[in-house]
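Visitor: First the structure, which I've put down as structure tokens, then a few questions once you've had a look.
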Amino acid sequence: MVEGAAVETCPRCGTFAPLVDTGLKRVCGPCVEPSLHPIQRARGDVVRLLAGLWQVMGEFGWLLLVLLAALLAPWWLYAPLKPATWLPFLFVFLSMMSAAEALTFLVWRDRRLRGRPVEWSALAPAIGRVWVANLVLGLLSLFCSPVAFLFGPISSVVALAALERRGALDAIRTAWARSDGGRVGLVVAYLITFIPMVVATVVAGGLVAAFLWFGGARGAQVVEPAAVAALVGMSVGMLPAVVLQAAAWLSTLPGARPAGPP
Ligand SMILES: [Zn+2]
């Protein structure tokens, strides 16, 4: 029984009962456990966190991939080889990335987790906050690069900015506080998501370079296309790392939780 809770109809089973807020939905007591996403039970457990991440990849990873390809492909082909365009390229990359993240995180939460229509009015402000959060995280990585591999516990920052209307610093504080009890698992999961990114970058760049080299090309004729291929490989390979940001948010979301390991 929840003290002071009004008695309502549970949207999941139709029972007339006091409803409990799971952080995503309001359901009756017996419906709390079955309505949790598997990743909400993964607290601190790397294997369950990665299994949950795989499931979340299936839930919106394809949408993110399509969006990133559409938004970034023209820039992959045009900008990276001309040093004068690196700064605008980073700016565009940050903007496109932030738009893709805010959109997919919002659609995933509203449609998939809550089963409601998407709150489109939240999109534009979410993109702005995600943009700032990504910039702050990027600067932090730059100036704290030796400890950037420990960023796992704050990997939900971008999702917090997109989904809970938090500013970058508030998001960092909240992400850190909520990860209490599961930080080691998040560090390990975060590191593991770098593997596909590194592999995709090296393999894509290496294959193109080898193909051109054996075709008789030398110098810039090899290096430039290989650099573009590596960038495309990186953009696809970083998908798990981006999806982890949303998965980490869900796995550390406060609200009704199972009392112990189920
Ligand atoms: Zn119910």
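We label chains A, B, ... in the order they appear in the structure tokens, count residues from 1 in each chain, and number ligands from 1 in the order shown.
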Using only C-alpha atoms and all ligand atoms, which residues of the polymer chains come no farther than 10 Å from ligand 1? I'd like the answer as a PyMOL selection string.

Guide: chain A and resi 9-20+26-32+34-35

Visitor: Restricted to N, CA and C atoms, what would the selected residues look like written as a PDB file, in the first residue's frame?

Guide:
```pdb
ATOM      1  N   THR A   9      -7.409   3.103 -11.660  1.00  0.00           N
ATOM      2  CA  THR A   9      -7.395   1.874 -12.453  1.00  0.00           C
ATOM      3  C   THR A   9      -5.988   1.638 -12.986  1.00  0.00           C
ATOM      4  N   CYS A  10      -5.420   0.476 -12.715  1.00  0.00           N
ATOM      5  CA  CYS A  10      -4.071   0.154 -13.214  1.00  0.00           C
ATOM      6  C   CYS A  10      -4.128   0.010 -14.735  1.00  0.00           C
ATOM      7  N   PRO A  11      -3.269   0.754 -15.478  1.00  0.00           N
ATOM      8  CA  PRO A  11      -3.329   0.688 -16.944  1.00  0.00           C
ATOM      9  C   PRO A  11      -2.863  -0.663 -17.479  1.00  0.00           C
ATOM     10  N   ARG A  12      -2.161  -1.437 -16.639  1.00  0.00           N
ATOM     11  CA  ARG A  12      -1.634  -2.706 -17.135  1.00  0.00           C
ATOM     12  C   ARG A  12      -2.636  -3.854 -16.983  1.00  0.00           C
ATOM     13  N   CYS A  13      -3.285  -3.924 -15.793  1.00  0.00           N
ATOM     14  CA  CYS A  13      -4.160  -5.076 -15.553  1.00  0.00           C
ATOM     15  C   CYS A  13      -5.620  -4.675 -15.330  1.00  0.00           C
ATOM     16  N   GLY A  14      -5.866  -3.376 -15.170  1.00  0.00           N
ATOM     17  CA  GLY A  14      -7.240  -2.930 -15.016  1.00  0.00           C
ATOM     18  C   GLY A  14      -7.781  -3.005 -13.602  1.00  0.00           C
ATOM     19  N   THR A  15      -6.933  -3.428 -12.651  1.00  0.00           N
ATOM     20  CA  THR A  15      -7.375  -3.499 -11.253  1.00  0.00           C
ATOM     21  C   THR A  15      -7.529  -2.095 -10.692  1.00  0.00           C
ATOM     22  N   PHE A  16      -8.517  -1.949  -9.844  1.00  0.00           N
ATOM     23  CA  PHE A  16      -8.741  -0.677  -9.162  1.00  0.00           C
ATOM     24  C   PHE A  16      -7.887  -0.710  -7.887  1.00  0.00           C
ATOM     25  N   ALA A  17      -6.790   0.067  -7.850  1.00  0.00           N
ATOM     26  CA  ALA A  17      -5.840  -0.060  -6.737  1.00  0.00           C
ATOM     27  C   ALA A  17      -5.012   1.211  -6.610  1.00  0.00           C
ATOM     28  N   PRO A  18      -4.317   1.382  -5.458  1.00  0.00           N
ATOM     29  CA  PRO A  18      -3.372   2.500  -5.379  1.00  0.00           C
ATOM     30  C   PRO A  18      -2.220   2.224  -6.342  1.00  0.00           C
ATOM     31  N   LEU A  19      -1.849   3.221  -7.141  1.00  0.00           N
ATOM     32  CA  LEU A  19      -0.814   2.990  -8.154  1.00  0.00           C
ATOM     33  C   LEU A  19       0.561   3.410  -7.646  1.00  0.00           C
ATOM     34  N   VAL A  20       1.601   2.675  -8.101  1.00  0.00           N
ATOM     35  CA  VAL A  20       2.993   2.941  -7.738  1.00  0.00           C
ATOM     36  C   VAL A  20       3.690   3.505  -8.976  1.00  0.00           C
ATOM     37  N   ARG A  26       2.728   4.413 -14.048  1.00  0.00           N
ATOM     38  CA  ARG A  26       2.079   4.193 -12.752  1.00  0.00           C
ATOM     39  C   ARG A  26       1.235   2.939 -12.872  1.00  0.00           C
ATOM     40  N   VAL A  27       1.587   1.932 -12.077  1.00  0.00           N
ATOM     41  CA  VAL A  27       0.867   0.647 -12.130  1.00  0.00           C
ATOM     42  C   VAL A  27       0.569   0.183 -10.710  1.00  0.00           C
ATOM     43  N   CYS A  28      -0.268  -0.835 -10.593  1.00  0.00           N
ATOM     44  CA  CYS A  28      -0.599  -1.358  -9.267  1.00  0.00           C
ATOM     45  C   CYS A  28       0.578  -2.186  -8.737  1.00  0.00           C
ATOM     46  N   GLY A  29       0.606  -2.448  -7.439  1.00  0.00           N
ATOM     47  CA  GLY A  29       1.709  -3.160  -6.788  1.00  0.00           C
ATOM     48  C   GLY A  29       2.146  -4.430  -7.507  1.00  0.00           C
ATOM     49  N   PRO A  30       1.257  -5.364  -7.752  1.00  0.00           N
ATOM     50  CA  PRO A  30       1.659  -6.621  -8.399  1.00  0.00           C
ATOM     51  C   PRO A  30       2.188  -6.431  -9.821  1.00  0.00           C
ATOM     52  N   CYS A  31       1.847  -5.300 -10.461  1.00  0.00           N
ATOM     53  CA  CYS A  31       2.298  -5.072 -11.844  1.00  0.00           C
ATOM     54  C   CYS A  31       3.671  -4.399 -11.905  1.00  0.00           C
ATOM     55  N   VAL A  32       4.234  -3.982 -10.747  1.00  0.00           N
ATOM     56  CA  VAL A  32       5.525  -3.283 -10.765  1.00  0.00           C
ATOM     57  C   VAL A  32       6.602  -4.181 -11.346  1.00  0.00           C
ATOM     58  N   PRO A  34       6.583  -7.132 -13.140  1.00  0.00           N
ATOM     59  CA  PRO A  34       6.532  -7.508 -14.568  1.00  0.00           C
ATOM     60  C   PRO A  34       6.646  -6.319 -15.520  1.00  0.00           C
ATOM     61  N   SER A  35       6.404  -5.079 -15.044  1.00  0.00           N
ATOM     62  CA  SER A  35       6.476  -3.957 -15.987  1.00  0.00           C
ATOM     63  C   SER A  35       7.873  -3.335 -16.039  1.00  0.00           C
TER      64      SER A  35
END
```

Visitor: List the neighbours of region 186-197 of chain A out to 7 Å using only C-alpha atoms; skip same-chain residues closer than 2 positions along the sequence, and give me the result as a ChimeraX atom specification.

Guide: /A:46,50,149-153,182-184,199-201,234,237-238,240-241

Visitor: When you count only C-alpha atoms, which of these residues is closest to Ala247 (chain A): A:Ala42, A:Leu68, A:Leu24, A:Val202?

Guide: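 Smallest distance to Ala247 (chain A) is found for A:Ala42.
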
Visitor: How many Å lie between CA of Ala126 (chain A) and CA of Met96 (chain A), rounded to one decimal?

Guide: 13.1 Å

Visitor: Provide the CA of Phe143 (chain A) to CA of Gly206 (chain A) distance in Å, to one decimal place.

Guide: 29.5 Å
